[in-house]
$ cat target.cif   # mmCIF, C-alpha atoms
data_target
#
loop_
_atom_site.label_atom_id
_atom_site.label_comp_id
_atom_site.auth_asym_id
_atom_site.auth_seq_id
_atom_site.Cartn_x
_atom_site.Cartn_y
_atom_site.Cartn_z
CA MET U 1 28.85 -34.16 -49.29
CA PRO U 2 30.77 -31.00 -48.35
CA GLU U 3 34.47 -30.59 -48.92
CA LEU U 4 37.15 -29.57 -46.49
CA ALA U 5 39.24 -26.62 -47.57
CA ALA U 6 42.18 -24.81 -46.02
CA GLU U 7 43.25 -21.35 -47.13
CA LEU U 8 46.51 -19.59 -46.31
CA LEU U 9 47.02 -21.48 -43.08
CA GLU U 10 49.85 -20.40 -40.86
CA CYS U 11 51.07 -22.07 -37.72
CA GLU U 12 53.66 -20.82 -35.28
CA ARG U 13 55.22 -22.69 -32.43
CA ASN U 14 57.78 -21.45 -29.92
CA GLY U 15 58.15 -18.31 -32.02
CA ARG U 16 59.03 -20.28 -35.16
CA VAL U 17 56.79 -20.37 -38.20
CA LEU U 18 56.15 -24.03 -39.02
CA PHE U 19 54.23 -23.37 -42.19
CA SER U 20 52.50 -20.44 -43.80
CA GLY U 21 50.37 -19.80 -46.83
CA LEU U 22 49.28 -23.42 -46.84
CA GLY U 23 46.16 -24.14 -48.87
CA PHE U 24 44.52 -27.32 -50.10
CA SER U 25 41.16 -28.95 -50.38
CA LEU U 26 39.92 -32.43 -49.67
CA GLN U 27 37.01 -33.77 -51.73
CA PRO U 28 34.77 -36.68 -50.81
CA GLY U 29 36.55 -39.94 -51.61
CA GLN U 30 40.04 -38.48 -51.30
CA ILE U 31 42.85 -39.54 -49.01
CA LEU U 32 45.38 -36.90 -48.02
CA MET U 33 48.83 -37.78 -46.71
CA LEU U 34 50.65 -35.14 -44.72
CA GLU U 35 54.38 -35.68 -44.92
CA GLY U 36 57.35 -33.92 -43.47
CA ARG U 37 60.22 -34.24 -41.06
CA ASN U 38 59.78 -34.47 -37.29
CA GLY U 39 58.64 -31.14 -35.95
CA SER U 40 57.49 -29.85 -39.32
CA GLY U 41 53.99 -29.25 -37.98
CA LYS U 42 52.06 -32.31 -39.15
CA THR U 43 50.35 -32.85 -35.82
CA SER U 44 49.66 -29.13 -35.44
CA LEU U 45 48.07 -29.07 -38.88
CA LEU U 46 45.84 -32.02 -38.01
CA ARG U 47 44.80 -30.36 -34.77
CA ILE U 48 43.97 -27.20 -36.72
CA LEU U 49 41.88 -29.24 -39.14
CA CYS U 50 40.05 -30.76 -36.15
CA GLY U 51 39.30 -27.37 -34.74
CA ILE U 52 41.12 -28.08 -31.46
CA ARG U 53 43.82 -25.57 -32.28
CA LEU U 54 43.38 -22.15 -33.83
CA PRO U 55 45.56 -21.38 -36.85
CA ASP U 56 47.70 -18.27 -36.42
CA ALA U 57 46.36 -17.09 -39.75
CA GLY U 58 44.08 -18.48 -42.40
CA LEU U 59 40.86 -20.36 -42.47
CA VAL U 60 39.61 -23.93 -42.51
CA SER U 61 36.19 -24.39 -44.02
CA TRP U 62 33.76 -27.25 -44.32
CA GLY U 63 31.27 -26.92 -47.14
CA GLY U 64 32.26 -23.26 -47.44
CA GLU U 65 31.73 -22.38 -43.78
CA ASP U 66 34.34 -21.64 -41.13
CA ILE U 67 34.72 -24.72 -38.92
CA PHE U 68 35.00 -22.55 -35.80
CA LYS U 69 31.60 -21.09 -36.52
CA LEU U 70 30.15 -24.53 -37.22
CA GLY U 71 31.49 -26.03 -33.96
CA PRO U 72 29.52 -29.18 -33.07
CA ASP U 73 27.87 -29.14 -36.52
CA TYR U 74 31.34 -29.71 -37.98
CA HIS U 75 32.47 -32.15 -35.30
CA GLU U 76 29.66 -34.57 -36.03
CA HIS U 77 31.38 -35.26 -39.35
CA VAL U 78 34.85 -35.63 -37.86
CA SER U 79 36.60 -38.46 -36.11
CA TYR U 80 40.11 -37.84 -34.80
CA VAL U 81 42.65 -40.36 -33.59
CA GLY U 82 45.63 -38.51 -32.17
CA HIS U 83 48.94 -39.32 -30.53
CA ARG U 84 47.15 -39.92 -27.31
CA ASP U 85 44.73 -42.76 -27.78
CA GLY U 86 41.83 -41.09 -26.01
CA VAL U 87 40.79 -44.35 -24.41
CA LYS U 88 40.15 -44.71 -20.71
CA GLN U 89 42.60 -47.20 -19.22
CA ASP U 90 40.27 -48.26 -16.42
CA LEU U 91 37.38 -49.05 -18.71
CA THR U 92 36.97 -52.12 -20.90
CA PRO U 93 37.23 -51.85 -24.71
CA ARG U 94 33.48 -52.26 -25.01
CA GLU U 95 32.78 -49.44 -22.52
CA ASN U 96 35.25 -47.20 -24.34
CA LEU U 97 33.55 -47.74 -27.67
CA ARG U 98 30.13 -47.20 -26.19
CA ILE U 99 31.24 -43.79 -24.91
CA ALA U 100 32.81 -42.86 -28.25
CA ARG U 101 29.56 -43.77 -29.93
CA ALA U 102 27.47 -41.60 -27.62
CA MET U 103 29.78 -38.60 -28.04
CA GLY U 104 29.18 -38.42 -31.79
CA LYS U 105 26.40 -39.31 -34.20
CA PRO U 106 26.00 -43.08 -33.68
CA ASN U 107 26.24 -45.21 -36.79
CA PRO U 108 23.14 -47.41 -36.70
CA ASP U 109 24.58 -49.91 -39.20
CA VAL U 110 27.54 -50.86 -37.04
CA GLU U 111 27.34 -52.80 -33.80
CA ILE U 112 30.06 -52.43 -31.18
CA GLU U 113 30.47 -56.24 -31.30
CA ASP U 114 31.34 -56.04 -35.00
CA VAL U 115 33.98 -53.40 -34.36
CA LEU U 116 35.56 -55.45 -31.58
CA GLU U 117 35.49 -58.47 -33.87
CA PHE U 118 37.02 -56.56 -36.78
CA PHE U 119 39.92 -55.30 -34.67
CA ASP U 120 40.48 -58.68 -32.98
CA LEU U 121 39.47 -57.39 -29.57
CA TYR U 122 36.41 -59.52 -29.07
CA ASP U 123 37.98 -61.89 -26.53
CA LEU U 124 39.36 -58.96 -24.55
CA ASP U 125 36.18 -56.97 -24.22
CA ASP U 126 35.79 -57.45 -20.47
CA VAL U 127 39.29 -56.62 -19.22
CA PRO U 128 40.49 -53.10 -18.39
CA THR U 129 42.14 -51.44 -21.39
CA ARG U 130 45.32 -50.84 -19.39
CA THR U 131 46.10 -54.57 -19.55
CA LEU U 132 46.06 -54.51 -23.37
CA SER U 133 49.22 -54.24 -25.45
CA ALA U 134 50.12 -50.96 -27.17
CA GLY U 135 49.04 -52.33 -30.53
CA GLN U 136 45.72 -53.52 -29.16
CA GLN U 137 45.08 -50.14 -27.55
CA ARG U 138 45.81 -48.48 -30.86
CA ARG U 139 43.35 -50.78 -32.60
CA LEU U 140 40.75 -49.85 -30.02
CA ALA U 141 41.37 -46.16 -30.72
CA LEU U 142 40.97 -46.81 -34.44
CA GLY U 143 37.77 -48.69 -33.67
CA ARG U 144 36.29 -45.35 -32.69
CA LEU U 145 36.26 -44.40 -36.37
CA LEU U 146 33.62 -46.99 -37.12
CA VAL U 147 31.09 -46.47 -34.35
CA THR U 148 30.01 -43.00 -35.46
CA ARG U 149 28.88 -41.71 -38.81
CA ALA U 150 31.90 -39.44 -39.21
CA THR U 151 32.90 -38.95 -42.84
CA LEU U 152 36.17 -37.13 -42.25
CA TRP U 153 38.88 -39.16 -40.53
CA LEU U 154 41.83 -37.22 -39.16
CA LEU U 155 44.58 -39.62 -38.16
CA ASP U 156 47.87 -38.83 -36.49
CA GLU U 157 50.33 -41.69 -37.08
CA PRO U 158 47.59 -44.33 -37.10
CA PHE U 159 50.00 -47.20 -37.81
CA THR U 160 52.09 -46.71 -34.67
CA SER U 161 52.55 -50.06 -32.89
CA LEU U 162 50.28 -51.93 -35.30
CA ASP U 163 51.58 -55.25 -36.62
CA ARG U 164 51.87 -56.06 -40.33
CA HIS U 165 48.47 -57.69 -40.40
CA GLY U 166 46.88 -54.74 -38.60
CA ILE U 167 48.46 -52.27 -41.02
CA ASP U 168 47.17 -54.14 -44.08
CA ARG U 169 43.76 -54.37 -42.60
CA PHE U 170 43.60 -50.69 -41.70
CA GLU U 171 44.88 -49.60 -45.12
CA LYS U 172 42.06 -51.58 -46.66
CA LEU U 173 39.60 -49.95 -44.29
CA MET U 174 40.76 -46.46 -45.30
CA GLN U 175 40.45 -47.40 -48.94
CA GLU U 176 36.90 -48.64 -48.44
CA HIS U 177 36.06 -45.49 -46.52
CA GLY U 178 37.32 -43.44 -49.45
CA GLU U 179 35.38 -45.51 -51.97
CA ALA U 180 32.22 -44.97 -49.94
CA GLY U 181 32.70 -41.22 -50.27
CA GLY U 182 34.56 -40.64 -47.00
CA MET U 183 37.66 -38.51 -46.56
CA VAL U 184 40.89 -39.27 -44.74
CA ALA U 185 43.75 -36.99 -43.78
CA LEU U 186 46.64 -38.74 -42.12
CA THR U 187 50.23 -38.27 -41.09
CA THR U 188 52.57 -41.21 -41.26
CA HIS U 189 56.18 -42.17 -41.76
CA HIS U 190 55.08 -45.53 -42.96
CA ARG U 191 54.93 -46.20 -46.72
CA VAL U 192 51.26 -46.55 -47.46
CA ALA U 193 50.29 -48.75 -50.39
CA LEU U 194 47.17 -46.83 -51.30
CA PRO U 195 46.49 -45.81 -54.89
CA ASP U 196 45.79 -42.18 -55.78
CA THR U 197 46.45 -40.44 -52.50
CA LYS U 198 47.01 -36.73 -52.40
CA ARG U 199 50.26 -35.69 -50.74
CA ILE U 200 51.38 -32.53 -49.01
CA ASN U 201 54.93 -32.17 -47.80
CA LEU U 202 55.31 -29.65 -45.00
CA SER U 203 59.11 -29.66 -45.09
CA SER U 204 59.35 -28.26 -48.59
CA MET T 1 16.32 -37.01 -32.06
CA SER T 2 19.27 -34.76 -31.33
CA ASP T 3 17.70 -33.89 -27.99
CA LEU T 4 17.53 -37.56 -27.17
CA SER T 5 21.10 -38.24 -28.23
CA LEU T 6 22.32 -35.26 -26.20
CA ARG T 7 20.56 -36.67 -23.18
CA SER T 8 22.13 -40.05 -23.75
CA ALA T 9 25.57 -38.49 -24.23
CA PHE T 10 25.10 -36.65 -20.93
CA ALA T 11 24.05 -39.84 -19.17
CA VAL T 12 26.88 -41.89 -20.70
CA LEU T 13 29.48 -39.34 -19.67
CA LEU T 14 28.09 -39.03 -16.14
CA LYS T 15 28.05 -42.79 -15.78
CA ARG T 16 31.55 -43.06 -17.21
CA ASP T 17 32.96 -40.71 -14.60
CA LEU T 18 31.13 -42.46 -11.78
CA VAL T 19 32.38 -45.87 -12.93
CA LEU T 20 35.93 -44.52 -13.22
CA ALA T 21 35.68 -43.02 -9.74
CA TYR T 22 34.45 -46.34 -8.39
CA ARG T 23 37.34 -48.20 -9.99
CA ARG T 24 39.82 -45.86 -8.33
CA ARG T 25 37.97 -45.36 -5.09
CA ALA T 26 41.13 -45.17 -2.98
CA GLU T 27 42.11 -41.89 -4.67
CA ILE T 28 38.63 -40.50 -4.43
CA ALA T 29 38.44 -41.20 -0.70
CA ASN T 30 41.40 -38.91 -0.06
CA PRO T 31 39.58 -35.56 0.13
CA LEU T 32 36.87 -37.05 2.33
CA LEU T 33 39.44 -38.48 4.73
CA PHE T 34 41.20 -35.12 4.79
CA PHE T 35 37.91 -33.39 5.63
CA ILE T 36 37.18 -35.77 8.49
CA LEU T 37 40.72 -35.72 9.91
CA ILE T 38 41.08 -31.93 9.94
CA THR T 39 37.75 -31.46 11.67
CA ALA T 40 38.32 -34.30 14.09
CA LEU T 41 41.68 -32.90 15.18
CA PHE T 42 40.21 -29.61 16.37
CA PRO T 43 38.42 -30.95 19.47
CA LEU T 44 41.65 -32.77 20.36
CA GLY T 45 43.74 -29.66 19.94
CA LEU T 46 41.39 -27.24 21.67
CA GLY T 47 40.39 -29.51 24.54
CA SER T 48 36.83 -30.10 25.68
CA ASN T 49 36.02 -26.40 25.91
CA LYS T 50 32.43 -26.65 24.66
CA PRO T 51 31.59 -22.94 24.10
CA MET T 52 34.82 -22.44 22.22
CA LEU T 53 34.21 -25.49 20.00
CA GLN T 54 30.71 -24.24 19.30
CA ALA T 55 32.06 -20.86 18.35
CA VAL T 56 34.72 -22.10 15.94
CA GLY T 57 32.85 -25.20 14.73
CA PRO T 58 31.01 -23.76 11.71
CA GLY T 59 34.12 -22.02 10.43
CA VAL T 60 36.29 -25.09 10.95
CA ILE T 61 33.95 -27.42 9.11
CA TRP T 62 33.54 -25.03 6.21
CA VAL T 63 37.25 -24.30 5.90
CA ALA T 64 37.93 -28.04 5.91
CA ALA T 65 35.24 -28.54 3.23
CA LEU T 66 36.82 -25.81 1.11
CA LEU T 67 40.28 -27.35 1.33
CA ALA T 68 38.92 -30.84 0.67
CA ALA T 69 37.18 -29.51 -2.43
CA LEU T 70 40.40 -27.83 -3.56
CA LEU T 71 42.28 -31.09 -3.05
CA SER T 72 39.82 -32.98 -5.20
CA LEU T 73 39.72 -30.49 -8.07
CA ASP T 74 42.84 -31.47 -9.97
CA GLY T 75 41.41 -34.88 -10.76
CA MET T 76 38.46 -33.41 -12.63
CA PHE T 77 40.16 -33.04 -16.03
CA ARG T 78 43.75 -34.19 -15.42
CA SER T 79 43.47 -37.82 -16.47
CA ASP T 80 41.22 -36.92 -19.40
CA PHE T 81 43.81 -34.40 -20.53
CA GLU T 82 46.65 -36.88 -20.26
CA ASP T 83 45.05 -39.78 -22.11
CA GLY T 84 43.49 -37.67 -24.86
CA SER T 85 39.87 -38.15 -23.80
CA LEU T 86 39.55 -34.42 -23.35
CA GLU T 87 40.33 -33.83 -27.03
CA GLN T 88 37.65 -36.34 -27.89
CA LEU T 89 35.23 -34.51 -25.61
CA MET T 90 35.94 -31.24 -27.41
CA LEU T 91 35.32 -32.96 -30.73
CA SER T 92 31.95 -34.25 -29.67
CA SER T 93 28.97 -33.38 -31.81
CA HIS T 94 27.24 -32.11 -28.67
CA PRO T 95 27.78 -28.72 -27.03
CA VAL T 96 30.86 -28.95 -24.82
CA SER T 97 29.37 -26.70 -22.16
CA LEU T 98 26.62 -29.26 -21.54
CA LEU T 99 28.99 -32.23 -21.48
CA VAL T 100 31.07 -30.32 -18.97
CA VAL T 101 28.02 -30.17 -16.70
CA ALA T 102 27.96 -33.98 -16.71
CA LYS T 103 31.59 -34.05 -15.62
CA ILE T 104 31.04 -31.45 -12.91
CA SER T 105 27.97 -33.32 -11.65
CA ALA T 106 29.96 -36.54 -11.43
CA HIS T 107 32.70 -34.69 -9.58
CA TRP T 108 30.23 -33.29 -7.09
CA LEU T 109 28.51 -36.65 -6.56
CA VAL T 110 31.85 -38.28 -5.85
CA THR T 111 33.58 -35.58 -3.80
CA GLY T 112 30.95 -33.07 -2.63
CA LEU T 113 28.07 -35.26 -1.61
CA PRO T 114 30.13 -37.43 0.78
CA LEU T 115 31.13 -34.24 2.64
CA VAL T 116 27.45 -33.39 3.10
CA VAL T 117 26.76 -36.90 4.36
CA VAL T 118 29.47 -36.99 7.03
CA ALA T 119 29.00 -33.37 8.12
CA PRO T 120 26.34 -34.12 10.81
CA LEU T 121 28.77 -36.45 12.58
CA LEU T 122 31.46 -33.79 12.56
CA GLY T 123 28.90 -31.27 13.83
CA VAL T 124 28.28 -33.53 16.82
CA LEU T 125 32.02 -33.84 17.33
CA LEU T 126 32.29 -30.05 17.56
CA SER T 127 29.19 -30.03 19.83
CA LEU T 128 27.07 -27.88 17.54
CA PRO T 129 23.39 -27.68 18.54
CA GLY T 130 20.86 -29.69 16.51
CA ASP T 131 19.46 -26.69 14.61
CA ALA T 132 22.91 -25.59 13.58
CA ILE T 133 23.73 -29.09 12.31
CA ALA T 134 20.63 -29.04 10.10
CA VAL T 135 21.68 -25.65 8.72
CA LEU T 136 25.23 -26.92 8.26
CA VAL T 137 23.95 -29.75 6.06
CA LEU T 138 21.75 -27.33 4.14
CA THR T 139 24.59 -24.88 3.49
CA LEU T 140 26.88 -27.70 2.40
CA LEU T 141 24.18 -29.01 0.10
CA LEU T 142 23.90 -25.58 -1.53
CA GLY T 143 27.55 -24.64 -1.24
CA THR T 144 29.57 -27.68 -2.34
CA PRO T 145 28.11 -27.64 -5.89
CA ILE T 146 29.32 -24.02 -6.13
CA LEU T 147 32.79 -25.21 -5.15
CA SER T 148 32.77 -27.85 -7.90
CA LEU T 149 31.43 -25.41 -10.49
CA ILE T 150 33.89 -22.61 -9.76
CA GLY T 151 36.69 -25.14 -9.38
CA ALA T 152 35.94 -26.56 -12.83
CA VAL T 153 36.74 -23.20 -14.44
CA GLY T 154 40.05 -23.02 -12.56
CA VAL T 155 41.01 -26.58 -13.44
CA ALA T 156 40.06 -26.06 -17.06
CA LEU T 157 42.39 -23.05 -17.21
CA THR T 158 45.33 -24.78 -15.54
CA VAL T 159 45.05 -28.34 -16.87
CA GLY T 160 47.59 -27.67 -19.62
CA LEU T 161 50.24 -26.46 -17.19
CA ARG T 162 52.71 -28.93 -15.77
CA ARG T 163 52.56 -27.52 -12.25
CA GLY T 164 49.16 -25.90 -12.18
CA GLY T 165 48.44 -26.74 -8.53
CA ILE T 166 49.55 -23.50 -6.93
CA ILE T 167 48.07 -21.29 -9.62
CA LEU T 168 44.85 -23.24 -9.29
CA SER T 169 44.65 -22.52 -5.55
CA LEU T 170 45.42 -18.84 -6.07
CA LEU T 171 42.83 -18.65 -8.81
CA VAL T 172 40.03 -20.49 -7.11
CA LEU T 173 40.34 -19.73 -3.38
CA PRO T 174 39.39 -16.03 -3.62
CA LEU T 175 36.24 -17.06 -5.46
CA TYR T 176 35.46 -19.56 -2.71
CA VAL T 177 35.65 -16.94 0.02
CA PRO T 178 32.11 -15.52 -0.38
CA VAL T 179 30.66 -19.01 -0.04
CA LEU T 180 32.76 -19.56 3.08
CA ILE T 181 31.70 -16.26 4.66
CA PHE T 182 27.97 -16.64 4.09
CA ALA T 183 27.83 -20.36 4.84
CA SER T 184 29.75 -20.34 8.10
CA ASP T 185 27.90 -17.20 9.15
CA ALA T 186 24.59 -18.96 8.48
CA VAL T 187 25.60 -21.86 10.71
CA SER T 188 26.80 -19.67 13.61
CA THR T 189 23.71 -17.50 13.33
CA ALA T 190 21.47 -20.56 13.40
CA ALA T 191 23.33 -21.79 16.48
CA ALA T 192 22.38 -18.51 18.17
CA GLY T 193 18.73 -19.12 17.25
CA ILE T 194 18.41 -16.24 14.78
CA PRO T 195 16.70 -16.75 11.35
CA ILE T 196 19.07 -17.26 8.46
CA THR T 197 16.90 -16.83 5.37
CA ALA T 198 19.05 -14.00 4.04
CA GLN T 199 22.26 -16.06 4.02
CA LEU T 200 20.52 -19.03 2.43
CA TYR T 201 19.07 -16.85 -0.33
CA ILE T 202 22.47 -15.39 -1.07
CA ILE T 203 24.11 -18.83 -1.23
CA GLY T 204 21.23 -19.99 -3.43
CA ALA T 205 21.77 -17.01 -5.72
CA MET T 206 25.47 -17.80 -5.93
CA LEU T 207 24.61 -21.39 -6.87
CA VAL T 208 22.30 -20.25 -9.67
CA LEU T 209 24.92 -17.82 -10.93
CA ALA T 210 27.66 -20.48 -10.86
CA LEU T 211 25.39 -23.02 -12.51
CA SER T 212 24.57 -20.73 -15.39
CA LEU T 213 28.01 -19.23 -16.00
CA ALA T 214 30.60 -21.81 -14.93
CA PRO T 215 29.82 -24.42 -17.63
CA LEU T 216 30.28 -21.84 -20.41
CA ALA T 217 33.47 -20.52 -18.83
CA THR T 218 34.78 -24.06 -18.34
CA ALA T 219 34.14 -25.02 -21.96
CA ALA T 220 35.87 -21.86 -23.19
CA SER T 221 38.83 -22.41 -20.84
CA LEU T 222 39.24 -26.00 -21.97
CA ARG T 223 39.37 -24.79 -25.54
CA VAL T 224 42.15 -22.38 -24.60
CA SER T 225 44.06 -25.01 -22.63
CA LEU T 226 44.01 -27.51 -25.48
CA SER T 227 45.02 -25.19 -28.29
#
$ encode --input "target.cif" --output "C-alpha cells"
Amino acid sequence: MPELAAELLECERNGRVLFSGLGFSLQPGQILMLEGRNGSGKTSLLRILCGIRLPDAGLVSWGGEDIFKLGPDYHEHVSYVGHRDGVKQDLTPRENLRIARAMGKPNPDVEIEDVLEFFDLYDLDDVPTRTLSAGQQRRLALGRLLVTRATLWLLDEPFTSLDRHGIDRFEKLMQEHGEAGGMVALTTHHRVALPDTKRINLSS
Amino acid sequence: MSDLSLRSAFAVLLKRDLVLAYRRRAEIANPLLFFILITALFPLGLGSNKPMLQAVGPGVIWVAALLAALLSLDGMFRSDFEDGSLEQLMLSSHPVSLLVVAKISAHWLVTGLPLVVVAPLLGVLLSLPGDAIAVLVLTLLLGTPILSLIGAVGVALTVGLRRGGIILSLLVLPLYVPVLIFASDAVSTAAAGIPITAQLYIIGAMLVLALSLAPLATAASLRVSLS
C-alpha cells in the first residue's frame, strides 16, 4: 500500500504564514494527530492533504506521485469528513450513504444496513436527515468512511457532538482501521486514548 | 467495471438532485412562475394590439426565459457548497467534469424543461402564429440547455462569494446574449414565413460548444472556488 508524504508544505491565509517547511509521512497502519491552537492551520492542512486546497509551496505525494497529478486516482483512496458534514438534509440517512458509496469505490463487504446499525441510525433510516440531532448527523457523516474502500481517512474534528459512547466506539473503529493497514489523519482537541499515534503540533 | 461505476455515479447524482428538487418543489417553481407572470403581463400592459404583440412576442418570451434561468442558477451549487457536499463531490473517484454534467442535467430538467413545456401557451397569449410557436419551442429546447451550461460556469466561479448574485449576472448575461439574439430572431423570422435553418444551426453549434467546454470549465472553477 502506498504511503502519504508531505514535503516542505507552506500555507498562507489572510497574508499570514500558518506553517512552512512542514514535512512528514504517513505509513500504512499509522494514525496521525494534528494538534495546535485555534487558527493554527489544522483544517487548512487537512484540506491540502485532501487535494481540495493547493499548498502555497511544497508537495503532497501518494506512493511517490503528486496528488494533484493523480486526481481521481488519489481520491479513490481517500475519505474526508470535514467541518461541514457533507450530508444532504432533505435526504434520509440511507439515501445519503447510498450516494457516498456511488461517489467512491464501493466496498463490497459492507452493506449500508450494517453501517446504519453500527452507528445506531437504523431506526431513523427513513426520516429526513434534518430531523436528526447534531450527534446523529455526525455519526452519519462518519458512516461514509465505511461504505467505500478508502484506505486514507482524513478527519476534521470527528468527535464534535458525539457522546461518550460514540467517541469510544469511533476510537475503536480507527484503531481497527489502522490494524487492517489503513491510515488516519485527524485533528481534534479531544484526548484520544489510542496507542502509538504520531503527533504533529502546528503551533510549535 | 470503472465505466459501469461511473455510469452509476452519474445516475445516482442525477437522481439525487431530482429527488432534492422534488422535496423542495416550492422553491423550484419560482423561476417558472416568474417566466409565466412576466410574459402574461405584457398583453395586459400593451393592450390587445395584435400586430404589436406579435412583433414583440418572441423577444419578450426569450428575455423572460433568460431572466428565469438566471434566477434559478444560484441554487445549482449553493446548497451543496454550504453543507459540504460539494467538497465530497470534488473528492469523488470519478472525473468531476462528468459529475458536473449530471448536476447540470438535473438543473435543466427541473428549471429549463418546464419553460419549454409552458412556452406554447404563452405563445398563444402573445398571439404568435402556429409556425412561430413550433419554432419557439424548438429554440427553447436547444437554447435553455445552453443557459444551464453557461450558467454553471458562472455559478461555480461565484459560489464561494457571500454576495455573488450581482457578479453572477454580470458574468453570465453577456454570454447569454448571442442565444437571445439568434433565438428570438428565429422565432420572428418564422412568424414572417421565412426559413430559419441558419439560426437553428447556429444555436445548435452553440449548444455543442457549450456542452463540450462548460463541464470542464465548471469543474475547474469549482476547484478554484473551494480552495
$ resolve_selection --input "target.cif" --expression "the PyMOL selection byres ((chain T) within 9 of (chain U))" --output "PyMOL selection string"
chain T and resi 2+5-6+8-10+12-13+16+19-20+23-24+79-96+223-224+226-227
$ atom_distance --input "target.cif" --atom1 "atom CA of Gly193 of chain T" --atom2 "atom CA of Gly57 of chain T"
15.6 Å
$ resolve_selection --input "target.cif" --expression "the PyMOL selection byres ((chain T and resi 137-142) around 7)" --output "list in words"
Val116, Ala119, Pro120, Ile133, Ala134, Val135, Leu136, Gly143, Thr144, Pro145, Ala183, Ile203, Gly204 and Leu207 of chain T
$ write_last_selection --input "target.cif" --atoms "C-alpha atoms" --output "compact mmCIF listing (two decimals), in the coordinates of the input"
# COMPACT_ATOMS: atom_id res chain seq x y z
CA VAL T 116 27.45 -33.39 3.10
CA ALA T 119 29.00 -33.37 8.12
CA PRO T 120 26.34 -34.12 10.81
CA ILE T 133 23.73 -29.09 12.31
CA ALA T 134 20.63 -29.04 10.10
CA VAL T 135 21.68 -25.65 8.72
CA LEU T 136 25.23 -26.92 8.26
CA GLY T 143 27.55 -24.64 -1.24
CA THR T 144 29.57 -27.68 -2.34
CA PRO T 145 28.11 -27.64 -5.89
CA ALA T 183 27.83 -20.36 4.84
CA ILE T 203 24.11 -18.83 -1.23
CA GLY T 204 21.23 -19.99 -3.43
CA LEU T 207 24.61 -21.39 -6.87
$ atom_distance --input "target.cif" --atom1 "atom CA of Arg162 of chain T" --atom2 "atom CA of Arg13 of chain U"
18.0 Å
$ residues_around --input "target.cif" --residues "Leu157 of chain T" --least-positions-apart "2" --cutoff "7 Å" --atoms "all atoms listed in the file" --output "JSON, numbers by chain"
{"T": [153, 154, 155, 159, 221, 222, 225]}
$ atom_distance --input "target.cif" --atom1 "atom CA of Asp168 of chain U" --atom2 "atom CA of Arg139 of chain U"
12.6 Å
$ closest_residue --input "target.cif" --among "U:Ala6, U:Leu121, U:Val115, U:Leu22" --to "Leu49 of chain U" --atoms "all atoms listed in the file"
U:Ala6
$ resolve_selection --input "target.cif" --expression "the PyMOL selection byres ((chain T and resi 217) around 10)" --output "number ranges by chain"
T: 97, 149-150, 152-154, 156-157, 210, 212-216, 218-223
$ closest_residue --input "target.cif" --among "T:Leu18, T:Leu33, T:Gly151, T:Leu53" --to "Leu171 of chain T" --atoms "all atoms listed in the file"
T:Gly151
$ closest_residue --input "target.cif" --among "T:Leu71, T:Ile61, T:Ala192, T:Ile202" --to "Pro178 of chain T" --atoms "all atoms listed in the file"
T:Ile202
$ residues_around --input "target.cif" --residues "segment 181-187 of chain U" --least-positions-apart "3" --cutoff "9 Å" --atoms "all atoms listed in the file" --output "PyMOL selection string"
chain U and resi 1+3-4+26-36+42-43+46+150-158+174+176-178+190
$ write_last_selection --input "target.cif" --atoms "C-alpha atoms" --output "compact mmCIF listing (two decimals), in the coordinates of the input"
# COMPACT_ATOMS: atom_id res chain seq x y z
CA MET U 1 28.85 -34.16 -49.29
CA GLU U 3 34.47 -30.59 -48.92
CA LEU U 4 37.15 -29.57 -46.49
CA LEU U 26 39.92 -32.43 -49.67
CA GLN U 27 37.01 -33.77 -51.73
CA PRO U 28 34.77 -36.68 -50.81
CA GLY U 29 36.55 -39.94 -51.61
CA GLN U 30 40.04 -38.48 -51.30
CA ILE U 31 42.85 -39.54 -49.01
CA LEU U 32 45.38 -36.90 -48.02
CA MET U 33 48.83 -37.78 -46.71
CA LEU U 34 50.65 -35.14 -44.72
CA GLU U 35 54.38 -35.68 -44.92
CA GLY U 36 57.35 -33.92 -43.47
CA LYS U 42 52.06 -32.31 -39.15
CA THR U 43 50.35 -32.85 -35.82
CA LEU U 46 45.84 -32.02 -38.01
CA ALA U 150 31.90 -39.44 -39.21
CA THR U 151 32.90 -38.95 -42.84
CA LEU U 152 36.17 -37.13 -42.25
CA TRP U 153 38.88 -39.16 -40.53
CA LEU U 154 41.83 -37.22 -39.16
CA LEU U 155 44.58 -39.62 -38.16
CA ASP U 156 47.87 -38.83 -36.49
CA GLU U 157 50.33 -41.69 -37.08
CA PRO U 158 47.59 -44.33 -37.10
CA MET U 174 40.76 -46.46 -45.30
CA GLU U 176 36.90 -48.64 -48.44
CA HIS U 177 36.06 -45.49 -46.52
CA GLY U 178 37.32 -43.44 -49.45
CA HIS U 190 55.08 -45.53 -42.96
$ residues_near_point --input "target.cif" --point "(35.8, -57.1, -29.3)" --cutoff "10 Å" --atoms "only C-alpha atoms" --output "mmCIF file with C-alpha atoms, in the coordinates of the input"
data_model
loop_
_atom_site.group_PDB
_atom_site.id
_atom_site.type_symbol
_atom_site.label_atom_id
_atom_site.label_comp_id
_atom_site.auth_asym_id
_atom_site.auth_seq_id
_atom_site.Cartn_x
_atom_site.Cartn_y
_atom_site.Cartn_z
ATOM 1 C CA THR U 92 36.970 -52.120 -20.900
ATOM 2 C CA PRO U 93 37.230 -51.850 -24.710
ATOM 3 C CA ARG U 94 33.480 -52.260 -25.010
ATOM 4 C CA LEU U 97 33.550 -47.740 -27.670
ATOM 5 C CA ILE U 112 30.060 -52.430 -31.180
ATOM 6 C CA GLU U 113 30.470 -56.240 -31.300
ATOM 7 C CA ASP U 114 31.340 -56.040 -35.000
ATOM 8 C CA VAL U 115 33.980 -53.400 -34.360
ATOM 9 C CA LEU U 116 35.560 -55.450 -31.580
ATOM 10 C CA GLU U 117 35.490 -58.470 -33.870
ATOM 11 C CA PHE U 118 37.020 -56.560 -36.780
ATOM 12 C CA PHE U 119 39.920 -55.300 -34.670
ATOM 13 C CA ASP U 120 40.480 -58.680 -32.980
ATOM 14 C CA LEU U 121 39.470 -57.390 -29.570
ATOM 15 C CA TYR U 122 36.410 -59.520 -29.070
ATOM 16 C CA ASP U 123 37.980 -61.890 -26.530
ATOM 17 C CA LEU U 124 39.360 -58.960 -24.550
ATOM 18 C CA ASP U 125 36.180 -56.970 -24.220
ATOM 19 C CA ASP U 126 35.790 -57.450 -20.470
ATOM 20 C CA LEU U 140 40.750 -49.850 -30.020
ATOM 21 C CA GLY U 143 37.770 -48.690 -33.670
#
